[in-house]
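Report on the following structure.
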Amino acid sequence: MTNAEAGAPTISVMLAVRDAQVASAWYQRALGAAQLWSLGSVVGLAVEGAVFLIAEPEGNGWEAPDGGRAPTCRVEVFCDDPDSFVARATRAGASGERDPVRDHQMPWGVHRQGGFVDPFGHIWLVGDRSPLWALLDGSVKQSKEGSE
């Protein structure tokens, strides 16, 4: 059963790009994304079931990070093989120099993570699933609002 079928919220990102069709083709080639639908300037994509959207801002209150602007968020990906995910993106033209994939010592153990900047200026951080497992198995405590 999917989150949508269960009535659970699904959170996704919409990335601003100058040309949605060019960006869609790149994400398909570089990340193995599947195009779910296209409205021309807005495209729905999924990487192994993880849905994200891309769109041309068209002066409606948000901007693409290219042209010297810094992005206001980064895309976080949790997967089984971060090395291959990042390598595929860099072979397709992403810059992997900013944060090479490496092991990080975390409270729950080793977390393998690195990232890239896509040709459209978006920062992607790609790691193994250990932070998700740590939350599920209780080795990392979730904070509760108002608690110390």
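Each chain in the structure tokens gets a letter, A, B and so on, in the order shown; residues start at 1 in every chain, and ligands are counted from 1 in the order they appear.
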
Can you check which residues of chain A DSSP gives as strand (DSSP E or B) on the backbone and send them as a PyMOL selection string? chain A and resi 14-16+34-38+42-47+50-55+74-78+95+102-106+109-117+123-127

Nearby residues (only C-alpha atoms) at most 10 Å from Ala16 of chain A, same-chain spacing under 6 positions excluded, as a list in words: Ala23, Val42, Leu53, Ile54, Ala55, Glu56, Pro57, Glu58, Trp62, Glu63, Ala64, Pro65, Asp66, Pro71, Phe120, Gly121 and His122 of chain A

Distance of atom CA of Thr10 of chain A from atom CA of Leu125 of chain A, expressed in Å to one decimal place: 19.7 Å

With only C-alpha atoms as the atoms that count, which of A:Leu39, A:Ala30, A:Leu132, A:Ala50 lies nearest to Ser12 of chain A? A:Ala50

Quick one: of A:Glu48, A:Asp118, A:Asp103, A:Asp19, who's nearest to Val86 of chain A, counting only C-alpha atoms?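 When distances to Val86 of chain A are compared using only C-alpha atoms, the smallest one comes from A:Asp118.
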
Which residues are near segment 90-100 of chain A? Cut-off 8 Å, only C-alpha atoms, ignore same chain within fewer than 2 positions. Put them as a PDB file with C-alpha atoms, in the first residue's frame.
```pdb
ATOM      1  CA  TRP A  26      18.708  15.220 -18.031  1.00  0.00           C
ATOM      2  CA  ARG A  29      19.355  10.139 -18.239  1.00  0.00           C
ATOM      3  CA  ALA A  30      21.371  11.065 -15.135  1.00  0.00           C
ATOM      4  CA  VAL A  86      26.204  10.019  -7.529  1.00  0.00           C
ATOM      5  CA  ALA A  87      28.519   8.443 -10.154  1.00  0.00           C
ATOM      6  CA  ARG A  88      25.662   8.203 -12.648  1.00  0.00           C
ATOM      7  CA  ARG A 102      32.474   9.067   1.916  1.00  0.00           C
ATOM      8  CA  GLN A 113      26.942  10.054   1.969  1.00  0.00           C
ATOM      9  CA  GLY A 114      28.068  12.536  -0.654  1.00  0.00           C
ATOM     10  CA  GLY A 115      26.494  14.678  -3.279  1.00  0.00           C
ATOM     11  CA  PHE A 116      26.499  16.681  -6.455  1.00  0.00           C
ATOM     12  CA  VAL A 117      25.231  19.894  -7.981  1.00  0.00           C
ATOM     13  CA  ASP A 118      23.077  19.289 -11.040  1.00  0.00           C
ATOM     14  CA  PRO A 119      23.473  21.388 -14.209  1.00  0.00           C
TER      15      PRO A 119
END
```

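Restricting the calculation to only C-alpha atoms, the smallest distance between Leu136 of chain A and any of A:Phe52, A:Trp124, A:Trp108, A:Tyr27 is found for A:Trp108.
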
Which of A:Gln21, A:Gln28, A:Asn60, A:Leu15 sits closest to Ala46 of chain A [using only C-alpha atoms]: A:Gln28

Which one of A:Ala70, A:Ala134, A:Val13, A:Val126 sits closest to Val51 of chain A if you count only C-alpha atoms? A:Val13

So which residues of chain A fall under alpha helix (DSSP H) by DSSP, listed as JSON, numbers by chain? {"A": [3, 4, 5, 6, 20, 21, 22, 23, 24, 25, 26, 27, 28, 29, 30, 31, 82, 83, 84, 85, 86, 87, 88, 89, 90, 91, 130, 131, 132, 133, 134, 135, 136, 137]}

Selection export as a JSON list (two decimals), in the first residue's frame, atoms kept: C-alpha atoms:
```json
[["chain", "number", "residue", "atom", "x", "y", "z"],
["A", 3, "ASN", "CA", 1.25, 6.56, 1.27],
["A", 4, "ALA", "CA", -1.44, 7.94, -1.02],
["A", 5, "GLU", "CA", -3.55, 4.78, -0.63],
["A", 6, "ALA", "CA", -3.09, 4.82, 3.14],
["A", 20, "ALA", "CA", 11.56, 21.91, -18.01],
["A", 21, "GLN", "CA", 11.90, 19.68, -21.08],
["A", 22, "VAL", "CA", 15.72, 19.89, -21.11],
["A", 23, "ALA", "CA", 15.82, 19.31, -17.34],
["A", 24, "SER", "CA", 13.43, 16.35, -17.59],
["A", 25, "ALA", "CA", 15.62, 14.71, -20.22],
["A", 26, "TRP", "CA", 18.71, 15.22, -18.03],
["A", 27, "TYR", "CA", 17.07, 13.81, -14.87],
["A", 28, "GLN", "CA", 15.87, 10.80, -16.86],
["A", 29, "ARG", "CA", 19.35, 10.14, -18.24],
["A", 30, "ALA", "CA", 21.37, 11.07, -15.14],
["A", 31, "LEU", "CA", 19.18, 9.69, -12.34],
["A", 82, "PRO", "CA", 24.87, 6.27, -2.94],
["A", 83, "ASP", "CA", 28.17, 5.74, -4.80],
["A", 84, "SER", "CA", 26.42, 4.53, -7.96],
["A", 85, "PHE", "CA", 23.67, 7.17, -7.72],
["A", 86, "VAL", "CA", 26.20, 10.02, -7.53],
["A", 87, "ALA", "CA", 28.52, 8.44, -10.15],
["A", 88, "ARG", "CA", 25.66, 8.20, -12.65],
["A", 89, "ALA", "CA", 24.79, 11.87, -12.13],
["A", 90, "THR", "CA", 28.40, 13.04, -12.46],
["A", 91, "ARG", "CA", 28.90, 10.98, -15.64],
["A", 130, "SER", "CA", 20.95, 4.43, 7.84],
["A", 131, "PRO", "CA", 19.33, 7.66, 9.16],
["A", 132, "LEU", "CA", 15.92, 6.24, 8.31],
["A", 133, "TRP", "CA", 16.71, 2.90, 9.97],
["A", 134, "ALA", "CA", 18.03, 4.72, 13.05],
["A", 135, "LEU", "CA", 14.69, 6.50, 13.47],
["A", 136, "LEU", "CA", 12.76, 3.25, 13.01],
["A", 137, "ASP", "CA", 14.85, 1.16, 15.40]]
```
